[in-house]
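Printed here is start_36.cif (mmCIF, C-alpha atoms):
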```
data_upload
#
loop_
_atom_site.label_atom_id
_atom_site.label_comp_id
_atom_site.auth_asym_id
_atom_site.auth_seq_id
_atom_site.Cartn_x
_atom_site.Cartn_y
_atom_site.Cartn_z
CA MET B 281 104.97 -119.60 287.27
CA GLU B 282 103.56 -118.19 284.03
CA HIS B 283 101.37 -120.50 282.02
CA ARG B 284 102.26 -120.78 278.27
CA PRO B 285 99.68 -122.31 275.93
CA ALA B 286 100.86 -125.42 274.13
CA ILE B 287 101.29 -125.37 270.35
CA GLY B 288 99.27 -127.97 268.61
CA ARG B 289 100.80 -130.35 266.10
CA SER B 290 98.97 -128.78 263.13
CA ALA B 291 99.92 -125.29 264.20
CA TRP B 292 103.55 -126.41 264.54
CA ARG B 293 103.55 -127.69 260.96
CA VAL B 294 102.07 -124.44 259.64
CA TRP B 295 104.76 -122.42 261.48
CA LEU B 296 107.62 -124.66 260.19
CA VAL B 297 106.43 -124.45 256.57
CA ALA B 298 106.19 -120.63 256.83
CA PHE B 299 109.69 -120.43 258.34
CA LEU B 300 111.28 -122.60 255.63
CA ALA B 301 109.50 -120.69 252.86
CA GLY B 302 110.75 -117.38 254.24
CA ALA B 303 114.32 -118.64 254.54
CA ALA B 304 114.25 -119.95 250.98
CA GLY B 305 112.93 -116.61 249.73
CA ALA B 306 115.66 -114.73 251.55
CA PHE B 307 118.26 -117.08 250.05
CA ILE B 308 116.87 -116.50 246.55
CA VAL B 309 116.80 -112.73 247.06
CA GLN B 310 120.38 -112.84 248.35
CA LYS B 311 121.53 -114.84 245.33
CA VAL B 312 119.84 -112.47 242.89
CA ALA B 313 121.17 -109.46 244.73
CA ARG B 314 124.78 -110.51 244.07
CA PRO B 315 125.37 -108.64 240.81
CA GLY B 316 126.53 -110.64 237.85
CA THR B 317 127.00 -113.95 239.67
CA ALA B 318 124.30 -115.86 237.79
CA MET B 319 125.33 -114.34 234.45
CA LEU B 320 128.98 -115.24 235.01
CA ARG B 321 128.08 -118.88 235.66
CA GLY B 322 126.07 -119.21 232.48
CA ALA B 323 122.55 -119.18 231.22
CA PRO B 324 119.75 -120.99 233.16
CA ASP B 325 119.99 -123.97 230.83
CA GLY B 326 123.66 -124.38 231.72
CA ALA B 327 125.04 -123.31 228.33
CA PRO B 328 128.27 -121.22 228.61
CA VAL B 329 128.15 -117.54 227.55
CA ALA B 330 130.57 -116.90 224.64
CA PRO B 331 132.63 -113.66 224.37
CA GLN B 332 131.54 -111.15 221.77
CA PRO B 333 133.08 -111.70 218.32
CA VAL B 334 136.10 -109.53 217.47
CA ILE B 335 135.47 -107.25 214.52
CA ALA B 336 138.37 -106.91 212.07
CA ARG B 337 139.85 -103.41 212.26
CA GLY B 338 141.01 -103.02 208.72
CA ASP B 339 144.18 -101.23 207.65
CA LEU B 340 145.69 -98.35 209.65
CA ALA B 341 145.20 -94.84 208.35
CA GLU B 342 148.07 -93.43 206.31
CA ASP B 343 148.97 -90.79 208.90
CA GLU B 344 149.06 -93.49 211.60
CA LYS B 345 151.42 -95.58 209.49
CA ALA B 346 153.63 -92.54 208.92
CA THR B 347 153.83 -91.78 212.66
CA ILE B 348 154.62 -95.40 213.55
CA GLU B 349 157.35 -95.51 210.92
CA LEU B 350 158.81 -92.18 212.07
CA PHE B 351 159.06 -93.44 215.66
CA ARG B 352 160.57 -96.74 214.57
CA ARG B 353 163.14 -94.97 212.44
CA THR B 354 164.14 -92.11 214.75
CA SER B 355 163.83 -93.45 218.32
CA PRO B 356 167.25 -95.22 218.17
CA SER B 357 168.80 -91.73 217.92
CA VAL B 358 167.27 -90.66 221.26
CA VAL B 359 169.03 -91.33 224.57
CA TYR B 360 168.06 -91.33 228.24
CA ILE B 361 170.35 -89.28 230.50
CA THR B 362 170.75 -89.90 234.22
CA THR B 363 172.75 -87.37 236.21
CA LEU B 364 174.56 -88.33 239.39
CA SER B 365 175.89 -86.56 242.45
CA ARG B 366 178.51 -87.76 244.88
CA GLN B 367 177.42 -88.19 248.49
CA ALA B 368 179.43 -89.21 251.52
CA PHE B 369 177.88 -91.93 253.69
CA GLY B 370 180.87 -92.23 255.95
CA PHE B 371 184.43 -90.99 256.40
CA LEU B 372 185.72 -93.02 253.44
CA ASP B 373 182.40 -94.09 251.88
CA VAL B 374 181.53 -91.86 248.91
CA GLU B 375 178.96 -93.05 246.40
CA GLU B 376 177.33 -91.70 243.26
CA VAL B 377 173.55 -91.46 243.64
CA PRO B 378 170.92 -90.52 241.01
CA ARG B 379 170.26 -86.78 240.87
CA GLY B 380 167.94 -86.25 237.90
CA THR B 381 166.97 -87.43 234.45
CA GLY B 382 166.62 -85.93 231.02
CA SER B 383 166.71 -86.66 227.32
CA GLY B 384 169.23 -86.19 224.55
CA PHE B 385 170.14 -87.39 221.09
CA LEU B 386 173.11 -88.77 219.20
CA TRP B 387 174.89 -86.18 217.06
CA ASP B 388 177.43 -88.40 215.28
CA ARG B 389 179.03 -91.85 215.29
CA GLU B 390 181.91 -90.56 217.43
CA GLY B 391 179.58 -90.74 220.43
CA HIS B 392 178.72 -87.04 220.85
CA VAL B 393 175.41 -86.53 222.61
CA VAL B 394 173.50 -83.22 222.65
CA THR B 395 171.22 -82.19 225.49
CA ASN B 396 170.26 -79.10 227.50
CA TYR B 397 172.80 -77.45 229.76
CA HIS B 398 170.26 -77.37 232.60
CA VAL B 399 169.93 -81.17 232.44
CA ILE B 400 173.53 -81.67 233.64
CA GLN B 401 174.07 -78.42 235.54
CA GLY B 402 175.54 -79.12 238.98
CA ALA B 403 175.88 -82.87 238.36
CA GLY B 404 179.01 -84.77 239.36
CA ALA B 405 178.63 -87.36 236.60
CA ALA B 406 176.21 -88.55 233.94
CA ARG B 407 175.21 -91.84 232.31
CA VAL B 408 173.64 -92.31 228.91
CA THR B 409 171.22 -95.14 228.14
CA LEU B 410 170.94 -96.08 224.48
CA HIS B 411 167.92 -97.51 222.68
CA ASP B 412 169.20 -101.07 223.25
CA GLN B 413 169.23 -100.35 227.04
CA SER B 414 173.03 -100.41 227.27
CA VAL B 415 174.37 -97.80 229.72
CA TRP B 416 177.52 -95.75 229.13
CA PRO B 417 179.38 -93.23 231.31
CA ALA B 418 179.50 -89.77 229.73
CA THR B 419 182.17 -87.09 229.76
CA LEU B 420 181.61 -83.36 229.26
CA VAL B 421 182.91 -82.04 225.92
CA GLY B 422 181.63 -78.46 225.98
CA ALA B 423 178.86 -76.24 227.27
CA ALA B 424 176.97 -73.20 226.00
CA PRO B 425 174.88 -72.01 228.96
CA ASP B 426 173.66 -68.94 227.05
CA GLN B 427 171.99 -71.26 224.52
CA ASP B 428 171.10 -73.95 227.12
CA LEU B 429 173.08 -76.54 225.15
CA VAL B 430 175.78 -79.02 226.13
CA VAL B 431 177.69 -81.80 224.37
CA LEU B 432 178.59 -85.04 226.16
CA ARG B 433 180.53 -88.00 224.80
CA ILE B 434 180.22 -91.74 225.32
CA ARG B 435 182.69 -94.41 224.19
CA ALA B 436 180.18 -96.80 222.64
CA PRO B 437 180.90 -98.79 219.46
CA ALA B 438 179.95 -96.93 216.27
CA GLU B 439 177.51 -99.67 215.26
CA LYS B 440 175.40 -98.86 218.35
CA LEU B 441 175.17 -95.17 217.42
CA GLN B 442 172.52 -93.84 215.03
CA PRO B 443 172.89 -90.06 214.65
CA VAL B 444 169.80 -87.92 214.32
CA LEU B 445 168.94 -86.49 210.91
CA VAL B 446 169.51 -82.73 211.05
CA GLY B 447 167.02 -80.41 209.37
CA THR B 448 166.60 -76.63 209.41
CA SER B 449 164.38 -74.28 211.38
CA ARG B 450 164.26 -71.82 208.49
CA GLY B 451 161.00 -72.01 206.63
CA LEU B 452 159.01 -73.62 209.45
CA GLN B 453 155.33 -72.74 209.39
CA VAL B 454 152.78 -72.45 212.16
CA GLY B 455 150.48 -75.46 211.91
CA GLN B 456 152.92 -78.02 210.56
CA LYS B 457 153.19 -81.32 212.43
CA VAL B 458 155.96 -81.95 214.94
CA PHE B 459 156.98 -84.95 217.04
CA ALA B 460 158.79 -85.00 220.39
CA ILE B 461 160.63 -88.09 221.65
CA GLY B 462 162.00 -88.18 225.16
CA ASN B 463 161.77 -89.51 228.68
CA PRO B 464 159.08 -87.55 230.55
CA PHE B 465 158.89 -88.39 234.25
CA GLY B 466 161.53 -91.08 233.64
CA LEU B 467 159.30 -92.98 231.19
CA ASP B 468 161.81 -93.71 228.46
CA PHE B 469 161.26 -93.40 224.70
CA THR B 470 157.88 -91.67 224.82
CA LEU B 471 156.41 -90.11 221.67
CA THR B 472 154.13 -87.08 221.73
CA THR B 473 152.75 -85.24 218.73
CA GLY B 474 151.47 -81.77 217.97
CA ILE B 475 152.04 -78.78 215.75
CA VAL B 476 154.24 -75.71 215.57
CA SER B 477 151.97 -73.33 217.47
CA ALA B 478 154.13 -70.19 217.14
CA LEU B 479 157.50 -69.04 215.85
CA GLY B 480 160.02 -66.36 216.78
CA ARG B 481 159.52 -66.68 220.52
CA SER B 482 162.17 -65.59 223.03
CA ILE B 483 162.97 -67.38 226.29
CA SER B 484 165.57 -66.89 229.02
CA ALA B 485 168.47 -69.27 229.49
CA MET B 486 169.80 -70.20 232.95
CA THR B 487 172.30 -67.33 232.60
CA GLY B 488 169.57 -64.75 231.99
CA ARG B 489 170.56 -64.36 228.34
CA LYS B 490 167.73 -64.42 225.83
CA ILE B 491 167.47 -67.29 223.35
CA GLY B 492 165.84 -66.00 220.19
CA ASP B 493 163.87 -67.54 217.31
CA VAL B 494 162.55 -70.23 219.65
CA ILE B 495 159.92 -72.69 218.37
CA GLN B 496 156.66 -72.96 220.33
CA THR B 497 154.77 -76.27 220.16
CA ASP B 498 151.70 -77.87 221.69
CA ALA B 499 153.28 -81.35 221.61
CA ALA B 500 153.23 -82.53 225.24
CA ILE B 501 156.58 -81.72 226.86
CA ASN B 502 157.03 -82.60 230.53
CA PRO B 503 159.90 -82.76 233.04
CA GLY B 504 162.36 -85.28 231.62
CA ASN B 505 161.71 -84.24 228.00
CA SER B 506 164.38 -81.54 228.30
CA GLY B 507 167.19 -82.05 225.81
CA GLY B 508 165.20 -84.37 223.56
CA PRO B 509 164.61 -83.79 219.86
CA LEU B 510 161.70 -82.01 218.23
CA LEU B 511 161.24 -83.55 214.78
CA ASP B 512 159.37 -82.62 211.65
CA SER B 513 157.23 -85.08 209.70
CA ALA B 514 160.29 -86.18 207.72
CA GLY B 515 161.98 -87.26 210.96
CA ARG B 516 164.52 -84.42 210.83
CA LEU B 517 165.71 -82.50 213.90
CA ILE B 518 164.21 -79.00 213.94
CA GLY B 519 164.72 -78.12 217.62
CA VAL B 520 165.79 -79.20 221.10
CA ASN B 521 162.95 -79.32 223.66
CA THR B 522 163.96 -76.95 226.42
CA GLN B 523 161.20 -75.37 228.50
CA ILE B 524 157.48 -75.41 229.18
CA ALA B 525 155.11 -72.64 230.20
CA SER B 526 153.05 -74.08 233.04
CA PRO B 527 152.00 -72.92 236.51
CA SER B 528 151.92 -76.55 237.69
CA GLY B 529 155.24 -77.70 236.21
CA ALA B 530 153.52 -80.20 233.88
CA SER B 531 152.56 -79.83 230.24
CA ALA B 532 149.92 -77.20 229.61
CA GLY B 533 150.20 -77.31 225.85
CA ILE B 534 152.94 -74.69 225.49
CA GLY B 535 156.49 -75.93 225.09
CA PHE B 536 159.60 -74.32 223.65
CA ALA B 537 162.49 -75.70 221.61
CA VAL B 538 165.86 -74.16 220.74
CA PRO B 539 165.89 -73.94 216.92
CA VAL B 540 168.12 -76.42 215.11
CA ASP B 541 169.90 -73.66 213.18
CA THR B 542 171.26 -72.43 216.52
CA VAL B 543 172.12 -76.00 217.54
CA ASN B 544 173.91 -76.68 214.24
CA ARG B 545 176.02 -73.56 214.74
CA VAL B 546 176.84 -74.10 218.42
CA VAL B 547 177.50 -77.86 218.60
CA PRO B 548 180.48 -77.92 216.19
CA GLU B 549 182.10 -75.15 218.24
CA LEU B 550 181.54 -77.06 221.47
CA VAL B 551 183.09 -80.18 219.94
CA ALA B 552 186.08 -78.22 218.58
CA HIS B 553 186.68 -75.69 221.37
CA GLY B 554 184.55 -76.69 224.36
CA ARG B 555 182.78 -73.32 224.21
CA VAL B 556 181.11 -70.91 221.80
CA VAL B 557 183.70 -68.79 220.01
CA ARG B 558 182.19 -65.34 219.64
CA PRO B 559 184.17 -62.77 217.58
CA ARG B 560 185.06 -59.50 219.31
CA LEU B 561 183.80 -56.07 218.32
CA GLY B 562 185.69 -54.25 221.07
CA ILE B 563 183.07 -52.08 222.75
CA ALA B 564 181.69 -51.76 226.25
CA ALA B 565 177.94 -51.13 226.17
CA ALA B 566 175.96 -48.76 228.36
CA PRO B 567 172.96 -50.04 230.36
CA GLU B 568 169.91 -50.53 228.17
CA TRP B 569 167.71 -48.21 230.23
CA VAL B 570 169.77 -45.22 229.05
CA LEU B 571 168.58 -45.62 225.47
CA ARG B 572 165.06 -46.62 226.51
CA ARG B 573 164.70 -43.29 228.29
CA ALA B 574 165.87 -41.52 225.14
CA GLY B 575 163.42 -43.52 223.01
CA VAL B 576 166.20 -44.91 220.82
CA GLU B 577 166.76 -48.54 219.89
CA GLY B 578 170.21 -50.07 219.64
CA VAL B 579 173.36 -50.59 221.69
CA LEU B 580 174.97 -47.45 223.12
CA VAL B 581 178.77 -47.50 223.00
CA MET B 582 180.16 -46.60 226.42
CA SER B 583 183.81 -47.08 225.52
CA VAL B 584 185.96 -48.45 222.71
CA ALA B 585 188.93 -50.75 223.31
CA GLU B 586 192.17 -49.42 221.88
CA GLY B 587 193.24 -51.19 218.68
CA SER B 588 189.98 -53.14 218.46
CA ALA B 589 187.72 -53.68 215.47
CA ALA B 590 185.45 -50.90 216.72
CA ALA B 591 188.39 -48.51 217.07
CA ARG B 592 189.58 -49.24 213.53
CA ALA B 593 186.05 -48.55 212.27
CA GLY B 594 186.08 -45.16 214.03
CA LEU B 595 183.35 -45.84 216.59
CA ARG B 596 183.08 -43.32 219.44
CA GLY B 597 182.29 -43.96 223.07
CA THR B 598 180.32 -41.88 225.55
CA SER B 599 182.27 -38.97 226.98
CA ARG B 600 181.94 -35.91 229.20
CA ALA B 601 182.09 -32.42 227.72
CA GLU B 602 184.13 -29.54 229.21
CA ASP B 603 181.00 -28.15 230.86
CA GLY B 604 180.41 -31.50 232.60
CA SER B 605 177.53 -32.62 230.42
CA ILE B 606 177.47 -36.17 229.03
CA VAL B 607 177.93 -36.64 225.30
CA LEU B 608 176.37 -39.92 224.20
CA GLY B 609 178.51 -42.14 222.04
CA ASP B 610 177.56 -44.01 218.89
CA VAL B 611 174.48 -46.21 218.90
CA VAL B 612 174.95 -49.48 216.98
CA GLN B 613 171.54 -50.24 215.47
CA SER B 614 172.36 -53.24 213.28
CA LEU B 615 175.21 -55.67 212.64
CA GLY B 616 175.40 -57.68 209.45
CA GLY B 617 171.84 -56.63 208.59
CA ARG B 618 170.48 -57.89 211.93
CA LYS B 619 168.54 -55.27 213.86
CA LEU B 620 169.77 -54.64 217.41
CA ALA B 621 167.41 -53.66 220.21
CA SER B 622 169.52 -54.88 223.13
CA LEU B 623 172.93 -56.21 224.15
CA ASP B 624 171.53 -59.74 223.82
CA ASP B 625 170.78 -58.97 220.19
CA LEU B 626 174.39 -57.84 219.67
CA TYR B 627 175.73 -61.09 221.17
CA ALA B 628 173.40 -63.14 218.99
CA ALA B 629 174.43 -61.19 215.89
CA LEU B 630 178.14 -61.69 216.66
CA GLU B 631 177.56 -65.43 217.12
CA ASP B 632 176.33 -65.59 213.51
CA HIS B 633 179.85 -64.65 212.38
CA ARG B 634 183.44 -65.80 212.78
CA PRO B 635 186.61 -63.92 213.70
CA GLY B 636 187.99 -62.28 210.58
CA ASP B 637 184.56 -61.72 208.98
CA THR B 638 183.88 -58.24 207.62
CA VAL B 639 180.41 -57.02 208.53
CA LYS B 640 178.43 -53.84 208.06
CA LEU B 641 177.33 -51.79 211.06
CA ARG B 642 174.50 -49.28 211.06
CA VAL B 643 175.59 -46.55 213.49
CA LEU B 644 173.61 -43.58 214.80
CA ARG B 645 175.79 -40.60 215.80
CA GLY B 646 173.73 -37.74 217.12
CA ASP B 647 170.81 -37.53 214.73
CA LYS B 648 172.67 -38.90 211.71
CA ALA B 649 172.90 -42.57 210.72
CA ARG B 650 175.74 -44.03 208.71
CA ASP B 651 177.03 -47.43 207.61
CA VAL B 652 180.55 -48.57 208.43
CA GLU B 653 182.36 -51.82 207.73
CA VAL B 654 184.34 -53.58 210.42
CA ARG B 655 186.57 -56.66 210.45
CA LEU B 656 185.77 -58.68 213.58
CA ASP B 657 188.60 -59.66 215.94
CA GLU B 658 189.57 -62.93 217.54
CA PRO B 659 188.06 -63.41 221.01
CA GLU B 660 190.23 -62.56 223.98
#
```
Would you mind giving the structure from this file in structure tokens?
Amino acid sequence: MEHRPAIGRSAWRVWLVAFLAGAAGAFIVQKVARPGTAMLRGAPDGAPVAPQPVIARGDLAEDEKATIELFRRTSPSVVYITTLSRQAFGFLDVEEVPRGTGSGFLWDREGHVVTNYHVIQGAGAARVTLHDQSVWPATLVGAAPDQDLVVLRIRAPAEKLQPVLVGTSRGLQVGQKVFAIGNPFGLDFTLTTGIVSALGRSISAMTGRKIGDVIQTDAAINPGNSGGPLLDSAGRLIGVNTQIASPSGASAGIGFAVPVDTVNRVVPELVAHGRVVRPRLGIAAAPEWVLRRAGVEGVLVMSVAEGSAAARAGLRGTSRAEDGSIVLGDVVQSLGGRKLASLDDLYAALEDHRPGDTVKLRVLRGDKARDVEVRLDEPE
């Protein structure tokens, strides 16, 4: 059996004092090592630590006041749109389920709501949420897919409806302030600000048709902003937020809005007729590549409808000569003073007029240009 030396009483006391001193030191180190604990509990003398005094901000800047007032005044005109689709959960169990969201705005006190066509495309139903959070079923009044615009209607009391103030897109300048109100990512009544970053842009609608004179802005526009208003600093509608240019699908500082002058022309037609009424010229156009190869701009007339406005004006279509060669028809280079470089341009120029209007055409026949007047027909 191993012999262990006995610890004397004095040695025992020395060892116990050393042990207790070490434990106390470890405890102190542990307490100090817990960040902020001592400071949270107060100063060493036990006095509580007071929060820092709040410094008075002073008055808001004038541009801040203007923005706040603009949002307060215009946001009641903006609506939140939820689209629905019908799904079958059983043989007789069919329910409407949320499909997507978007923005829109009140056009008048009759309950007409304007938004993008792509917001409601393919939906079975739609609901409109007003600024006071009341929800109303919407019916389709009319659609203009070529302009990416649609008009819905809700049957809400007139006192709940505050129409947007309509401005003009003529005279806009790059650099002027703009404001977008909408529901990005489902976050309702969100305000973003920016400037007009470019004018005269062209974008493609869902149909492939070009929408011209589009406004480009750097105000943040994200999914869910579609159909919402773009406003100037006076709170007037100058465009309808429609698309963004972004590889990720989120705002990258380039958004596009259909100009209000287009909206103000299209919406009354949708309310009255359910569609855009475009007057008829009465020509069939050749493919655009034919003229591009010839280095000529305009719309090549392939054929002319008998008794049409174009026939009365003496326009000629493309034909085949006796030797089998192709004789190109007239090339319409402008309509009503609007230059034509494509069939889209011709459609847009016709939409600026009404059936019965008399307009001037600039026509190239061979190597000679001439002006002719034509009275536009009713649509078929």
*asked:* One number please: atom CA of B:Leu386 to atom CA of B:Leu441, in Å, one decimal.
replied: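 Distance reported for this atom pair: 7.0 Å.
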*Contact residues around stretch 468-483 of chain B with all atoms listed in the file at 6 Å, ignoring same-chain residues under 4 positions, as a ChimeraX atom specification*: /B:454-463,490-500
Run the PyMOL selection byres ((chain B and resi 344-360) around 6) on the file and write out the hits as a PDB file with C-alpha atoms, in the frame of the given file.
```pdb
ATOM      1  CA  ALA B 341     145.200 -94.840 208.350  1.00  0.00           C
ATOM      2  CA  GLU B 342     148.070 -93.430 206.310  1.00  0.00           C
ATOM      3  CA  ASP B 343     148.970 -90.790 208.900  1.00  0.00           C
ATOM      4  CA  ILE B 361     170.350 -89.280 230.500  1.00  0.00           C
ATOM      5  CA  SER B 383     166.710 -86.660 227.320  1.00  0.00           C
ATOM      6  CA  GLY B 384     169.230 -86.190 224.550  1.00  0.00           C
ATOM      7  CA  PHE B 385     170.140 -87.390 221.090  1.00  0.00           C
ATOM      8  CA  LEU B 386     173.110 -88.770 219.200  1.00  0.00           C
ATOM      9  CA  VAL B 408     173.640 -92.310 228.910  1.00  0.00           C
ATOM     10  CA  THR B 409     171.220 -95.140 228.140  1.00  0.00           C
ATOM     11  CA  LEU B 410     170.940 -96.080 224.480  1.00  0.00           C
ATOM     12  CA  HIS B 411     167.920 -97.510 222.680  1.00  0.00           C
ATOM     13  CA  GLN B 442     172.520 -93.840 215.030  1.00  0.00           C
ATOM     14  CA  PRO B 443     172.890 -90.060 214.650  1.00  0.00           C
ATOM     15  CA  VAL B 444     169.800 -87.920 214.320  1.00  0.00           C
ATOM     16  CA  GLY B 515     161.980 -87.260 210.960  1.00  0.00           C
TER      17      GLY B 515
END
```
_Could you list, as number ranges by chain, every residue matched by the PyMOL selection byres ((chain B and resi 561) around 8) in this structure?_
B: 559-560, 562-563, 588-590, 656-657
I need the residues from that last selection saved to file as a PDB file, in the frame of the given file (with C-alpha atoms), if you can.
```pdb
ATOM      1  CA  PRO B 559     184.170 -62.770 217.580  1.00  0.00           C
ATOM      2  CA  ARG B 560     185.060 -59.500 219.310  1.00  0.00           C
ATOM      3  CA  GLY B 562     185.690 -54.250 221.070  1.00  0.00           C
ATOM      4  CA  ILE B 563     183.070 -52.080 222.750  1.00  0.00           C
ATOM      5  CA  SER B 588     189.980 -53.140 218.460  1.00  0.00           C
ATOM      6  CA  ALA B 589     187.720 -53.680 215.470  1.00  0.00           C
ATOM      7  CA  ALA B 590     185.450 -50.900 216.720  1.00  0.00           C
ATOM      8  CA  LEU B 656     185.770 -58.680 213.580  1.00  0.00           C
ATOM      9  CA  ASP B 657     188.600 -59.660 215.940  1.00  0.00           C
TER      10      ASP B 657
END
```
*Hey, can you check how far atom CA of B:Ile606 sits from atom CA of B:Lys640?*
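Distance reported for this atom pair: 27.4 Å.
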*Interatomic distance (Å, one decimal) between atom CA of B:His398 and atom CA of B:Pro659*: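 Rounded to one decimal, the two atoms are 25.4 Å apart.
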Result set, the PyMOL selection byres ((chain B and resi 531-539) around 6) on current file, as a short mmCIF file (atom, residue, chain, number, x, y, z; two decimals) with C-alpha atoms, in the frame of the given file:
```cif
data_model
loop_
_atom_site.label_atom_id
_atom_site.label_comp_id
_atom_site.auth_asym_id
_atom_site.auth_seq_id
_atom_site.Cartn_x
_atom_site.Cartn_y
_atom_site.Cartn_z
CA SER B 449 164.38 -74.28 211.38
CA VAL B 494 162.55 -70.23 219.65
CA ILE B 495 159.92 -72.69 218.37
CA GLN B 496 156.66 -72.96 220.33
CA THR B 497 154.77 -76.27 220.16
CA ASP B 498 151.70 -77.87 221.69
CA ALA B 500 153.23 -82.53 225.24
CA ILE B 501 156.58 -81.72 226.86
CA ASN B 502 157.03 -82.60 230.53
CA GLY B 519 164.72 -78.12 217.62
CA VAL B 520 165.79 -79.20 221.10
CA ASN B 521 162.95 -79.32 223.66
CA THR B 522 163.96 -76.95 226.42
CA GLN B 523 161.20 -75.37 228.50
CA ILE B 524 157.48 -75.41 229.18
CA ALA B 525 155.11 -72.64 230.20
CA SER B 526 153.05 -74.08 233.04
CA ALA B 530 153.52 -80.20 233.88
CA VAL B 540 168.12 -76.42 215.11
CA ASP B 541 169.90 -73.66 213.18
CA THR B 542 171.26 -72.43 216.52
#
```
*Identify the residues around (175.2, -49.1, 224.3) within a radius of 8 Å, measuring from all atoms listed in the file in the coordinates stated by the file, and give them as a PyMOL selection string.*
chain B and resi 564-568+571+578-582+610-612+623
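For the residues B:Gly447, B:Ala424, B:Asp388, B:Glu549, ranking by smallest atom-to-atom distance to B:Leu510 using only C-alpha atoms places B:Gly447 first.
Proximity ranking of B:Gln427, B:Ser614, B:Thr381, B:Thr363 relative to B:Val652 places B:Ser614 first, based on all atoms listed in the file.
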Return the padded bounding box of stretch 333-352 of chain B as AutoDock Vina command-line options: axis-aligned, built from all atoms listed in the file, 3 Å added on each side, with centre and edge lengths in Å to one decimal.
```
--center_x 146.8 --center_y -101.2 --center_z 212.3 --size_x 33.5 --size_y 26.9 --size_z 18.0
```
*Counting all atoms listed in the file, what is within 8 Å of B:Ala438, bar same-chain residues fewer than 3 positions away, as a PyMOL selection string?*
chain B and resi 389-391+441
_Nearest residue to B:Gln453 from the set B:Val399, B:Ala485, B:Val584, B:Ile518 (distances using only C-alpha atoms)_ =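 Between B:Val399, B:Ala485, B:Val584, B:Ile518, the residue approaching B:Gln453 most closely is B:Ile518.
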